[in-house]
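input.txt (compact mmCIF, C-alpha atoms) appears below.
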# COMPACT_ATOMS: atom_id res chain seq x y z
CA MET V 1 -18.07 -20.57 50.92
CA SER V 2 -17.40 -19.94 47.26
CA ASP V 3 -18.33 -16.60 45.77
CA THR V 4 -21.53 -16.35 43.83
CA SER V 5 -20.50 -16.21 40.19
CA SER V 6 -22.14 -13.27 38.45
CA ALA V 7 -20.97 -14.33 34.99
CA ARG V 8 -24.20 -16.15 34.14
CA ARG V 9 -26.60 -14.76 36.70
CA PRO V 10 -29.69 -13.53 34.85
CA ARG V 11 -29.35 -10.01 36.20
CA SER V 12 -25.83 -9.71 34.77
CA LEU V 13 -27.31 -10.73 31.41
CA GLY V 14 -29.96 -8.02 31.37
CA ILE V 15 -32.82 -10.02 32.93
CA THR V 16 -34.41 -8.22 35.87
CA PHE V 17 -37.35 -9.24 38.01
CA GLY V 18 -39.76 -6.80 39.59
CA VAL V 19 -39.15 -3.21 40.58
CA LEU V 20 -37.50 -3.23 44.01
CA PRO V 21 -33.76 -2.62 44.52
CA VAL V 22 -31.59 -5.70 45.15
CA GLY V 23 -29.20 -6.16 48.03
CA GLU V 24 -25.44 -5.78 47.71
CA LYS V 25 -24.85 -9.50 47.02
CA ASN V 26 -28.39 -10.26 45.83
CA THR V 27 -28.45 -13.26 48.18
CA ILE V 28 -30.27 -14.24 51.36
CA THR V 29 -27.13 -13.25 53.30
CA ASP V 30 -27.94 -9.60 52.56
CA VAL V 31 -30.36 -9.92 55.48
CA PRO V 32 -28.34 -9.00 58.58
CA GLY V 33 -27.48 -12.02 60.70
CA VAL V 34 -28.16 -14.74 58.12
CA LEU V 35 -25.38 -17.25 57.49
CA VAL V 36 -25.29 -19.97 54.82
CA GLY V 37 -23.01 -22.99 54.55
CA GLN V 38 -23.01 -25.86 52.04
CA THR V 39 -21.54 -29.33 51.68
CA THR V 40 -21.45 -30.66 48.11
CA LEU V 41 -20.95 -34.32 47.18
CA HIS V 42 -20.30 -35.18 43.51
CA ASP V 43 -18.88 -38.47 42.23
CA ASP V 44 -20.01 -39.69 38.80
CA ALA V 45 -18.69 -43.22 39.37
CA LEU V 46 -20.83 -43.63 42.49
CA GLY V 47 -23.81 -41.79 41.10
CA MET V 48 -23.39 -39.39 44.02
CA HIS V 49 -24.84 -35.94 43.40
CA THR V 50 -26.24 -34.62 46.64
CA GLY V 51 -25.42 -32.42 49.61
CA VAL V 52 -26.55 -30.14 52.39
CA THR V 53 -27.39 -26.46 52.59
CA ALA V 54 -27.58 -24.94 56.08
CA ILE V 55 -29.21 -21.59 56.85
CA LEU V 56 -28.54 -19.98 60.23
CA PRO V 57 -30.83 -17.11 61.27
CA HIS V 58 -28.00 -15.60 63.31
CA GLY V 59 -24.55 -16.51 64.55
CA GLY V 60 -25.46 -16.91 68.20
CA ASN V 61 -27.18 -19.68 70.16
CA VAL V 62 -30.40 -20.13 68.19
CA PHE V 63 -31.92 -22.39 70.85
CA GLN V 64 -31.49 -19.80 73.60
CA ASP V 65 -32.28 -16.87 71.26
CA LYS V 66 -35.09 -18.20 69.09
CA VAL V 67 -36.39 -16.32 66.06
CA PRO V 68 -40.05 -15.95 65.07
CA ALA V 69 -40.99 -18.02 62.05
CA GLY V 70 -43.98 -18.98 59.95
CA ILE V 71 -44.45 -21.89 57.54
CA PHE V 72 -46.86 -22.17 54.64
CA LEU V 73 -47.51 -25.56 53.09
CA GLY V 74 -48.54 -25.29 49.44
CA ASN V 75 -48.61 -29.02 48.72
CA GLY V 76 -47.79 -31.57 51.38
CA PHE V 77 -45.97 -34.33 49.47
CA GLY V 78 -42.87 -33.65 51.55
CA LYS V 79 -41.04 -34.44 54.76
CA MET V 80 -40.30 -31.22 56.61
CA ALA V 81 -39.13 -32.27 60.07
CA GLY V 82 -39.95 -29.83 62.85
CA TYR V 83 -42.98 -28.32 61.09
CA PRO V 84 -45.60 -28.97 63.85
CA GLN V 85 -43.74 -27.15 66.62
CA VAL V 86 -42.95 -24.14 64.45
CA LYS V 87 -46.60 -24.01 63.43
CA GLU V 88 -47.74 -24.27 67.06
CA LEU V 89 -45.24 -21.97 68.82
CA GLY V 90 -44.27 -19.65 65.97
CA ASN V 91 -40.53 -19.78 66.45
CA LEU V 92 -37.41 -21.50 65.17
CA GLU V 93 -34.83 -22.90 67.63
CA THR V 94 -32.25 -24.49 65.31
CA PRO V 95 -30.63 -23.65 62.01
CA ILE V 96 -32.45 -24.91 58.91
CA ALA V 97 -30.90 -27.86 57.07
CA LEU V 98 -31.89 -28.69 53.50
CA THR V 99 -30.95 -32.06 52.00
CA ASN V 100 -32.47 -34.99 50.07
CA THR V 101 -35.56 -36.99 51.01
CA LEU V 102 -33.80 -40.04 52.46
CA SER V 103 -31.29 -37.95 54.44
CA VAL V 104 -33.69 -36.14 56.75
CA GLY V 105 -32.70 -38.51 59.57
CA PRO V 106 -28.96 -37.74 59.54
CA ALA V 107 -29.75 -34.04 59.27
CA ILE V 108 -31.96 -34.18 62.37
CA GLU V 109 -29.22 -36.03 64.23
CA ALA V 110 -26.64 -33.42 63.25
CA LEU V 111 -28.85 -30.47 64.24
CA VAL V 112 -29.50 -32.09 67.62
CA ASP V 113 -25.77 -32.68 68.13
CA TRP V 114 -24.99 -29.12 67.05
CA THR V 115 -27.57 -27.64 69.40
CA LEU V 116 -26.64 -29.76 72.43
CA SER V 117 -22.97 -28.84 71.95
CA ARG V 118 -23.56 -25.07 72.07
CA PRO V 119 -22.33 -23.35 75.25
CA GLY V 120 -25.35 -22.61 77.43
CA ASN V 121 -27.33 -25.65 76.30
CA GLU V 122 -25.90 -28.11 78.84
CA SER V 123 -29.34 -28.80 80.36
CA VAL V 124 -31.34 -28.95 77.11
CA LYS V 125 -33.37 -32.16 76.77
CA SER V 126 -35.56 -31.40 73.74
CA VAL V 127 -34.60 -29.97 70.35
CA ASN V 128 -36.95 -29.20 67.46
CA ALA V 129 -34.63 -29.68 64.48
CA LEU V 130 -35.91 -28.05 61.28
CA VAL V 131 -35.04 -30.06 58.15
CA GLY V 132 -36.44 -29.61 54.66
CA GLU V 133 -35.93 -31.92 51.69
CA THR V 134 -36.52 -32.56 48.04
CA ASN V 135 -36.02 -35.84 46.19
CA ASP V 136 -32.85 -35.75 44.08
CA GLY V 137 -33.25 -39.37 42.94
CA LYS V 138 -33.50 -38.43 39.24
CA VAL V 139 -29.77 -37.67 39.32
CA ASN V 140 -28.42 -38.90 42.65
CA ASP V 141 -28.33 -42.55 43.73
CA ILE V 142 -30.58 -41.60 46.63
CA ARG V 143 -30.91 -45.15 47.98
CA ALA V 144 -27.17 -45.17 48.72
CA ARG V 145 -27.82 -42.51 51.38
CA PHE V 146 -24.49 -40.77 51.07
CA ILE V 147 -25.32 -38.01 53.56
CA ARG V 148 -23.98 -38.51 57.06
CA PRO V 149 -24.34 -36.24 60.13
CA GLU V 150 -20.77 -35.03 59.61
CA HIS V 151 -21.75 -33.57 56.22
CA VAL V 152 -24.47 -31.51 57.89
CA LEU V 153 -22.10 -30.40 60.64
CA GLU V 154 -19.58 -29.38 57.97
CA ALA V 155 -22.18 -27.14 56.32
CA LEU V 156 -23.05 -25.59 59.68
CA GLU V 157 -19.39 -24.94 60.51
CA LYS V 158 -18.73 -23.38 57.10
CA ALA V 159 -21.70 -21.01 57.27
CA ASP V 160 -20.91 -17.33 56.78
CA ASP V 161 -22.55 -14.13 55.56
CA GLY V 162 -20.70 -13.94 52.27
CA PRO V 163 -21.93 -14.61 48.73
CA VAL V 164 -23.86 -17.88 48.30
CA GLU V 165 -22.84 -20.35 45.61
CA GLU V 166 -25.73 -21.37 43.34
CA GLY V 167 -26.63 -24.22 41.02
CA CYS V 168 -25.35 -27.79 41.50
CA VAL V 169 -24.14 -27.26 45.05
CA GLY V 170 -25.26 -28.24 48.53
CA ALA V 171 -28.80 -29.54 48.70
CA GLY V 172 -29.22 -28.62 45.03
CA SER V 173 -26.43 -30.89 43.79
CA GLY V 174 -28.88 -33.41 42.32
CA THR V 175 -32.10 -31.46 41.84
CA VAL V 176 -34.04 -30.94 38.61
CA ALA V 177 -36.61 -28.25 37.78
CA PHE V 178 -38.81 -28.00 34.69
CA GLY V 179 -36.89 -30.98 33.25
CA PHE V 180 -33.53 -29.18 33.47
CA LYS V 181 -30.70 -29.47 35.97
CA ALA V 182 -31.38 -26.94 38.70
CA GLY V 183 -30.19 -26.54 42.29
CA ILE V 184 -29.76 -23.80 44.87
CA GLY V 185 -30.72 -20.25 44.00
CA THR V 186 -30.91 -17.05 46.03
CA ALA V 187 -31.80 -13.37 45.69
CA SER V 188 -32.68 -10.36 47.84
CA ARG V 189 -34.49 -7.06 47.92
CA VAL V 190 -34.16 -3.85 49.94
CA LEU V 191 -37.27 -1.78 50.56
CA PRO V 192 -36.99 1.98 50.14
CA LYS V 193 -36.99 4.00 53.37
CA THR V 194 -40.58 5.06 52.72
CA LEU V 195 -41.59 1.38 52.99
CA GLY V 196 -39.49 0.69 56.08
CA GLY V 197 -36.05 0.09 54.55
CA TRP V 198 -36.25 -3.59 55.49
CA ARG V 199 -34.36 -6.35 53.72
CA VAL V 200 -35.84 -9.58 52.40
CA GLY V 201 -33.88 -12.53 51.04
CA ALA V 202 -34.88 -15.85 49.51
CA LEU V 203 -33.03 -19.14 49.11
CA VAL V 204 -34.61 -22.02 47.17
CA GLN V 205 -33.87 -25.69 46.67
CA ALA V 206 -35.48 -26.01 43.24
CA ASN V 207 -36.63 -29.50 42.25
CA PHE V 208 -40.12 -29.03 40.83
CA GLY V 209 -42.02 -28.92 37.58
CA GLY V 210 -44.45 -26.96 35.47
CA LEU V 211 -44.27 -24.75 32.42
CA LEU V 212 -41.02 -22.78 32.65
CA THR V 213 -41.71 -19.08 32.26
CA VAL V 214 -39.06 -16.34 32.31
CA LYS V 215 -40.15 -12.69 32.27
CA GLY V 216 -43.58 -13.82 31.07
CA VAL V 217 -42.13 -15.76 28.12
CA GLU V 218 -43.18 -19.43 28.07
CA VAL V 219 -39.74 -20.75 27.26
CA GLY V 220 -40.74 -24.26 28.43
CA VAL V 221 -43.05 -24.67 25.44
CA ARG V 222 -40.41 -23.51 22.99
CA LEU V 223 -37.75 -25.74 24.56
CA GLY V 224 -40.03 -28.76 24.24
CA GLY V 225 -41.25 -29.74 27.67
CA TRP V 226 -44.26 -29.21 29.91
CA PRO V 227 -46.43 -31.32 32.23
CA CYS V 228 -48.45 -34.10 30.57
CA GLN V 229 -46.57 -33.83 27.27
CA LYS V 230 -46.39 -37.61 27.01
CA GLU V 231 -44.11 -37.83 24.03
CA MET V 232 -41.40 -36.08 26.04
CA GLU V 233 -40.47 -38.83 28.49
CA ALA V 234 -38.15 -36.65 30.53
CA CYS V 235 -40.85 -34.03 30.99
CA GLU V 236 -44.01 -36.09 31.24
CA SER V 237 -44.33 -35.49 34.98
CA ALA V 238 -44.30 -32.21 36.87
CA ASP V 239 -43.69 -33.98 40.16
CA GLY V 240 -40.87 -32.82 42.39
CA SER V 241 -40.52 -30.40 45.27
CA ILE V 242 -39.28 -26.99 46.29
CA MET V 243 -38.11 -25.59 49.60
CA MET V 244 -38.32 -21.79 49.80
CA ILE V 245 -36.64 -20.03 52.72
CA ILE V 246 -37.44 -16.34 53.26
CA ALA V 247 -35.47 -14.18 55.67
CA THR V 248 -36.12 -10.59 56.69
CA ASP V 249 -34.85 -8.10 59.24
CA ALA V 250 -38.31 -6.55 59.52
CA PRO V 251 -39.77 -7.02 63.02
CA LEU V 252 -42.57 -9.47 62.24
CA ASP V 253 -44.50 -11.88 64.42
CA ALA V 254 -45.19 -15.48 63.42
CA ARG V 255 -48.58 -14.66 61.93
CA ASN V 256 -47.22 -12.10 59.50
CA LEU V 257 -44.22 -14.33 58.76
CA GLU V 258 -46.62 -17.03 57.64
CA ARG V 259 -48.31 -14.44 55.43
CA LEU V 260 -44.88 -13.54 54.04
CA ALA V 261 -44.12 -17.22 53.39
CA LYS V 262 -47.33 -17.50 51.37
CA ARG V 263 -46.06 -14.87 48.95
CA ALA V 264 -43.07 -17.03 48.07
CA PHE V 265 -45.54 -19.24 46.22
CA MET V 266 -46.52 -16.30 44.07
CA GLY V 267 -42.89 -16.02 43.02
CA MET V 268 -42.82 -19.75 42.27
CA THR V 269 -45.93 -19.56 40.12
CA LYS V 270 -44.44 -16.66 38.15
CA THR V 271 -41.73 -19.10 37.00
CA GLY V 272 -44.39 -21.60 35.89
CA GLY V 273 -44.54 -23.93 38.90
CA VAL V 274 -47.81 -25.85 39.26
CA ALA V 275 -47.49 -27.52 42.72
CA SER V 276 -48.27 -30.89 41.22
CA ASN V 277 -49.70 -33.88 43.08
CA GLY V 278 -46.31 -35.42 43.85
CA SER V 279 -44.61 -32.17 44.80
CA GLY V 280 -43.68 -31.12 48.32
CA ASP V 281 -43.89 -27.34 48.24
CA PHE V 282 -42.96 -25.60 51.48
CA ALA V 283 -42.12 -22.01 52.34
CA LEU V 284 -40.64 -20.90 55.66
CA ALA V 285 -40.11 -17.27 56.63
CA PHE V 286 -38.22 -15.97 59.66
CA SER V 287 -37.18 -12.62 61.09
CA THR V 288 -33.65 -11.87 62.26
CA ASN V 289 -34.64 -8.66 64.03
CA PRO V 290 -33.27 -8.84 67.62
CA ALA V 291 -36.31 -7.05 69.02
CA VAL V 292 -38.68 -9.92 68.19
CA ARG V 293 -36.48 -12.85 69.22
CA VAL V 294 -37.77 -15.16 71.95
CA LYS V 295 -35.48 -15.85 74.88
CA HIS V 296 -35.57 -19.48 75.98
CA ALA V 297 -34.91 -18.81 79.66
CA LEU V 298 -36.99 -16.07 81.28
CA PRO V 299 -38.56 -15.75 84.71
CA ALA V 300 -42.10 -17.08 85.05
CA GLN V 301 -44.88 -14.71 84.03
CA THR V 302 -42.53 -12.54 81.96
CA LEU V 303 -44.52 -10.80 79.27
CA GLU V 304 -43.30 -10.98 75.69
CA GLY V 305 -43.90 -8.62 72.83
CA ALA V 306 -42.23 -5.87 70.87
CA PRO V 307 -43.42 -3.40 68.23
CA THR V 308 -43.95 -5.19 64.92
CA VAL V 309 -44.80 -4.13 61.39
CA ARG V 310 -48.50 -3.36 60.98
CA ASN V 311 -50.68 -5.38 58.62
CA ASP V 312 -51.22 -2.23 56.58
CA ASP V 313 -47.46 -1.95 56.00
CA MET V 314 -46.84 -5.52 54.83
CA THR V 315 -47.36 -5.01 51.10
CA GLY V 316 -43.80 -3.92 50.34
CA LEU V 317 -42.47 -6.98 52.16
CA PHE V 318 -44.86 -9.19 50.19
CA MET V 319 -43.56 -7.74 46.93
CA ALA V 320 -39.97 -8.31 48.06
CA ALA V 321 -40.65 -11.98 48.86
CA ILE V 322 -42.34 -12.53 45.48
CA GLU V 323 -39.56 -10.88 43.50
CA SER V 324 -36.75 -12.56 45.47
CA THR V 325 -38.26 -16.02 45.11
CA GLU V 326 -38.88 -15.67 41.38
CA GLU V 327 -35.33 -14.49 40.77
CA ALA V 328 -33.82 -17.15 43.05
CA ILE V 329 -35.49 -19.95 41.07
CA ILE V 330 -34.29 -18.61 37.72
CA ASN V 331 -30.82 -18.05 39.22
CA ALA V 332 -30.71 -21.73 40.21
CA LEU V 333 -31.45 -22.80 36.63
CA PHE V 334 -28.95 -20.41 35.06
CA ALA V 335 -26.16 -21.48 37.44
CA ALA V 336 -26.59 -25.25 36.98
CA HIS V 337 -24.54 -27.42 34.64
CA ASP V 338 -25.04 -30.80 32.95
CA VAL V 339 -24.80 -33.74 35.36
CA ALA V 340 -24.60 -37.48 34.64
CA ASP V 341 -26.41 -40.09 36.73
CA LYS V 342 -24.77 -43.42 37.64
CA GLU V 343 -25.95 -44.98 34.34
CA GLY V 344 -24.24 -42.20 32.44
CA ARG V 345 -27.44 -40.48 31.33
CA ILE V 346 -27.02 -36.73 31.17
CA VAL V 347 -29.47 -34.36 32.81
CA ARG V 348 -29.03 -31.21 30.77
CA ALA V 349 -28.80 -27.72 32.14
CA LEU V 350 -31.03 -24.98 30.81
CA PRO V 351 -29.81 -23.83 27.36
CA VAL V 352 -29.21 -20.28 28.51
CA ASP V 353 -28.27 -18.87 25.12
CA ASP V 354 -31.53 -20.16 23.62
CA VAL V 355 -33.49 -18.58 26.48
CA LEU V 356 -31.70 -15.27 25.98
CA ALA V 357 -32.59 -15.32 22.29
CA MET V 358 -36.26 -15.90 23.14
CA LEU V 359 -36.26 -13.02 25.61
CA ASP V 360 -34.59 -10.77 23.04
CA ARG V 361 -37.27 -11.60 20.49
CA ALA V 362 -39.92 -10.81 23.08
CA GLY V 363 -38.20 -7.52 23.90
CA VAL V 364 -37.98 -8.18 27.64
CA ARG V 365 -34.22 -8.18 28.13
CA ARG V 366 -32.15 -5.06 28.70
CA ALA V 367 -29.28 -4.45 26.32
Re-express the file's structure as structure tokens.
Amino acid sequence: MSDTSSARRPRSLGITFGVLPVGEKNTITDVPGVLVGQTTLHDDALGMHTGVTAILPHGGNVFQDKVPAGIFLGNGFGKMAGYPQVKELGNLETPIALTNTLSVGPAIEALVDWTLSRPGNESVKSVNALVGETNDGKVNDIRARFIRPEHVLEALEKADDGPVEEGCVGAGSGTVAFGFKAGIGTASRVLPKTLGGWRVGALVQANFGGLLTVKGVEVGVRLGGWPCQKEMEACESADGSIMMIIATDAPLDARNLERLAKRAFMGMTKTGGVASNGSGDFALAFSTNPAVRVKHALPAQTLEGAPTVRNDDMTGLFMAAIESTEEAIINALFAAHDVADKEGRIVRALPVDDVLAMLDRAGVRRA
């Protein structure tokens, strides 16, 4: 996996979010155990701008060593495969695959193949594949359905715990946010020891709309686009979607992971997202902590349970999820570049220098 470029990451340009310390890489892979792999497909002649981003909660057999998870659905105009079982049982038994709307099927097929092929799964007859999507059809020729199971398997095989490439890569290759080319973004936080010392990371597939806001500055207005501004054809609709994946090493049960997932939406709204009618807005949170994993094969009547973080101690984790999600979304916008659709129309990236000038005038950027 390519290194995350820090050259144009907001933090390297004096733009910070929140008050908590960031992880070493400032990516979701700062959470111990988490692996990320991406397959990117770009071909201007074919109108192909799409891909796959795979998130593994740990490097072992996820089916046999399931992780607790919670999902919060902010607006349901989306196609998250595997949602009902996670909601019912509170655990995740496959990696998470993110892709485009019409490629959920191949992603399910690949996750099933991947799971059945793992040593120890020879007798498995049911797999709950978890696939999230956003519609990249504004840039990608989505009806061509370029994604095949082998592209998903490639992303899974490439997954590692190194820096995560952002912008027009993986499942973010063709996505658009706030009328600008966006993509994959990620960030992390580390709680101080007094708050548990836990790590929280976010990864987003940003493809949504609203009034872009950076550090409280409504840059979307000044750049000329916001929902219902009819004279701006490219920005007249806020429809789109976002997938927000939150990982932590804090020992949480499914109930508190769902509460953690809810806070990702607070990070989204800080960037100006409005969860519009046509937007599929999902957040999934999982814990990598070995103590709270669920073993698939245990003797009958075996009791489960391990010490977990108390409700009263969740606030620091909530803050970390909010800050990580907000920064991940802005990172996705800063990392993206102009992309042409198959008709040759250019979807422009965020004019970063203009945004920096606005933040300087507002006095919210560090020198």
Extending 3 Å beyond the listed atoms of stretch 95-106 of chain V on each side, what axis-aligned box results? I want centre and edge lengths in Å to one decimal, as lines of an AutoDock Vina configuration file.
center_x = -32.3
center_y = -31.8
center_z = 56.0
size_x = 12.6
size_y = 22.4
size_z = 17.9
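Here atom CA of V:Pro251 is placed at a distance of 23.3 Å from atom CA of V:Glu326.
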Find the residues around stretch 198-200 of chain V up to 8 Å (only C-alpha atoms counted), leave out those fewer than 2 positions away in its own chain, and share them as a list in words.
->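 Here the qualifying residues turn out to be Gly23, Ile28, Asp30, Val31, Ser188, Arg189, Val190, Leu191, Pro192, Lys193, Leu195, Gly196, Ala202, Ile246, Ala247, Thr248, Asp249, Ala250, Leu317, Ala320, Ala321 and Ser324 of chain V.
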Separation of atom CA of V:Ala171 and atom CA of V:Ile184, in Å?
->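 Separating atom CA of V:Ala171 from atom CA of V:Ile184 is a distance of 7.0 Å.
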Any idea what the distance is between atom CA of V:Thr175 and atom CA of V:Glu109?
-> 23.0 Å
Between V:Thr99, V:Glu150, V:His337, V:Leu20, single out the one closest to V:Phe318, counting all atoms listed in the file.
->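 Comparing V:Thr99, V:Glu150, V:His337, V:Leu20 against V:Phe318, the winner is V:Leu20.
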With distances taken over all atoms listed in the file, which of V:Thr134, V:Asn121, V:Asn256, V:Ser126 is nearest to V:Gly70?
->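 With all atoms listed in the file as the atom set, the closest residue is V:Asn256.
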Give the answer as one residue: which of V:Leu303, V:Leu257, V:Leu356, V:Ile245 has the shortest atom-to-atom distance to V:Ala283, using all atoms listed in the file?
->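 Among the listed residues, V:Ile245 lies closest to V:Ala283.
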Can we get stretch 44-114 of chain V of that structure written down with C-alpha atoms, as a PDB file, in the first residue's frame?
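As a result, decode-v9.pdb now contains:
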ATOM      1  CA  ASP V  44     -10.139   7.928 -18.721  1.00  0.00           C
ATOM      2  CA  ALA V  45     -10.895   6.324 -22.087  1.00  0.00           C
ATOM      3  CA  LEU V  46     -13.269   3.821 -20.486  1.00  0.00           C
ATOM      4  CA  GLY V  47     -14.709   6.271 -17.997  1.00  0.00           C
ATOM      5  CA  MET V  48     -13.439   3.905 -15.300  1.00  0.00           C
ATOM      6  CA  HIS V  49     -12.830   5.580 -11.958  1.00  0.00           C
ATOM      7  CA  THR V  50     -13.704   3.143  -9.212  1.00  0.00           C
ATOM      8  CA  GLY V  51     -12.204   0.594  -6.854  1.00  0.00           C
ATOM      9  CA  VAL V  52     -12.306  -1.280  -3.578  1.00  0.00           C
ATOM     10  CA  THR V  53     -11.144  -0.485  -0.062  1.00  0.00           C
ATOM     11  CA  ALA V  54     -10.908  -3.412   2.353  1.00  0.00           C
ATOM     12  CA  ILE V  55     -10.660  -3.034   6.138  1.00  0.00           C
ATOM     13  CA  LEU V  56      -9.633  -6.053   8.198  1.00  0.00           C
ATOM     14  CA  PRO V  57     -10.227  -5.863  11.961  1.00  0.00           C
ATOM     15  CA  HIS V  58      -7.270  -8.188  12.536  1.00  0.00           C
ATOM     16  CA  GLY V  59      -4.935 -10.412  10.566  1.00  0.00           C
ATOM     17  CA  GLY V  60      -6.325 -13.719  11.776  1.00  0.00           C
ATOM     18  CA  ASN V  61      -9.426 -15.720  10.869  1.00  0.00           C
ATOM     19  CA  VAL V  62     -12.178 -13.151  11.381  1.00  0.00           C
ATOM     20  CA  PHE V  63     -14.930 -15.752  11.021  1.00  0.00           C
ATOM     21  CA  GLN V  64     -13.539 -17.916  13.823  1.00  0.00           C
ATOM     22  CA  ASP V  65     -12.441 -14.895  15.898  1.00  0.00           C
ATOM     23  CA  LYS V  66     -15.272 -12.416  15.429  1.00  0.00           C
ATOM     24  CA  VAL V  67     -15.080  -8.836  16.667  1.00  0.00           C
ATOM     25  CA  PRO V  68     -17.891  -6.908  18.368  1.00  0.00           C
ATOM     26  CA  ALA V  69     -19.422  -4.253  16.153  1.00  0.00           C
ATOM     27  CA  GLY V  70     -22.222  -1.720  16.083  1.00  0.00           C
ATOM     28  CA  ILE V  71     -23.855   0.064  13.150  1.00  0.00           C
ATOM     29  CA  PHE V  72     -25.725   3.352  13.139  1.00  0.00           C
ATOM     30  CA  LEU V  73     -27.846   4.263  10.141  1.00  0.00           C
ATOM     31  CA  GLY V  74     -28.176   8.027   9.729  1.00  0.00           C
ATOM     32  CA  ASN V  75     -30.080   7.949   6.431  1.00  0.00           C
ATOM     33  CA  GLY V  76     -30.986   4.689   4.748  1.00  0.00           C
ATOM     34  CA  PHE V  77     -30.645   5.466   1.026  1.00  0.00           C
ATOM     35  CA  GLY V  78     -27.888   2.864   0.797  1.00  0.00           C
ATOM     36  CA  LYS V  79     -27.095  -0.791   0.276  1.00  0.00           C
ATOM     37  CA  MET V  80     -25.019  -2.050   3.183  1.00  0.00           C
ATOM     38  CA  ALA V  81     -24.944  -5.832   2.826  1.00  0.00           C
ATOM     39  CA  GLY V  82     -24.696  -7.745   6.090  1.00  0.00           C
ATOM     40  CA  TYR V  83     -26.298  -5.012   8.208  1.00  0.00           C
ATOM     41  CA  PRO V  84     -29.169  -7.096   9.725  1.00  0.00           C
ATOM     42  CA  GLN V  85     -26.963  -9.799  11.230  1.00  0.00           C
ATOM     43  CA  VAL V  86     -24.496  -7.317  12.706  1.00  0.00           C
ATOM     44  CA  LYS V  87     -27.424  -5.411  14.184  1.00  0.00           C
ATOM     45  CA  GLU V  88     -28.928  -8.610  15.608  1.00  0.00           C
ATOM     46  CA  LEU V  89     -25.818 -10.416  16.907  1.00  0.00           C
ATOM     47  CA  GLY V  90     -23.481  -7.484  17.516  1.00  0.00           C
ATOM     48  CA  ASN V  91     -20.420  -8.896  15.819  1.00  0.00           C
ATOM     49  CA  LEU V  92     -18.509  -8.831  12.551  1.00  0.00           C
ATOM     50  CA  GLU V  93     -17.311 -12.088  10.958  1.00  0.00           C
ATOM     51  CA  THR V  94     -15.676 -10.881   7.727  1.00  0.00           C
ATOM     52  CA  PRO V  95     -13.504  -7.988   6.658  1.00  0.00           C
ATOM     53  CA  ILE V  96     -15.354  -4.866   5.500  1.00  0.00           C
ATOM     54  CA  ALA V  97     -15.344  -4.135   1.770  1.00  0.00           C
ATOM     55  CA  LEU V  98     -16.216  -0.682   0.436  1.00  0.00           C
ATOM     56  CA  THR V  99     -16.983  -0.205  -3.262  1.00  0.00           C
ATOM     57  CA  ASN V 100     -19.574   1.383  -5.582  1.00  0.00           C
ATOM     58  CA  THR V 101     -23.328   0.840  -5.532  1.00  0.00           C
ATOM     59  CA  LEU V 102     -23.559  -1.608  -8.434  1.00  0.00           C
ATOM     60  CA  SER V 103     -20.579  -3.665  -7.253  1.00  0.00           C
ATOM     61  CA  VAL V 104     -21.940  -4.868  -3.926  1.00  0.00           C
ATOM     62  CA  GLY V 105     -22.634  -8.282  -5.487  1.00  0.00           C
ATOM     63  CA  PRO V 106     -19.048  -9.031  -6.592  1.00  0.00           C
ATOM     64  CA  ALA V 107     -17.791  -7.796  -3.223  1.00  0.00           C
ATOM     65  CA  ILE V 108     -20.086 -10.207  -1.375  1.00  0.00           C
ATOM     66  CA  GLU V 109     -18.910 -13.040  -3.609  1.00  0.00           C
ATOM     67  CA  ALA V 110     -15.268 -12.206  -2.928  1.00  0.00           C
ATOM     68  CA  LEU V 111     -15.736 -11.968   0.847  1.00  0.00           C
ATOM     69  CA  VAL V 112     -17.503 -15.337   0.841  1.00  0.00           C
ATOM     70  CA  ASP V 113     -14.691 -16.880  -1.224  1.00  0.00           C
ATOM     71  CA  TRP V 114     -12.076 -15.310   1.047  1.00  0.00           C
TER      72      TRP V 114
END
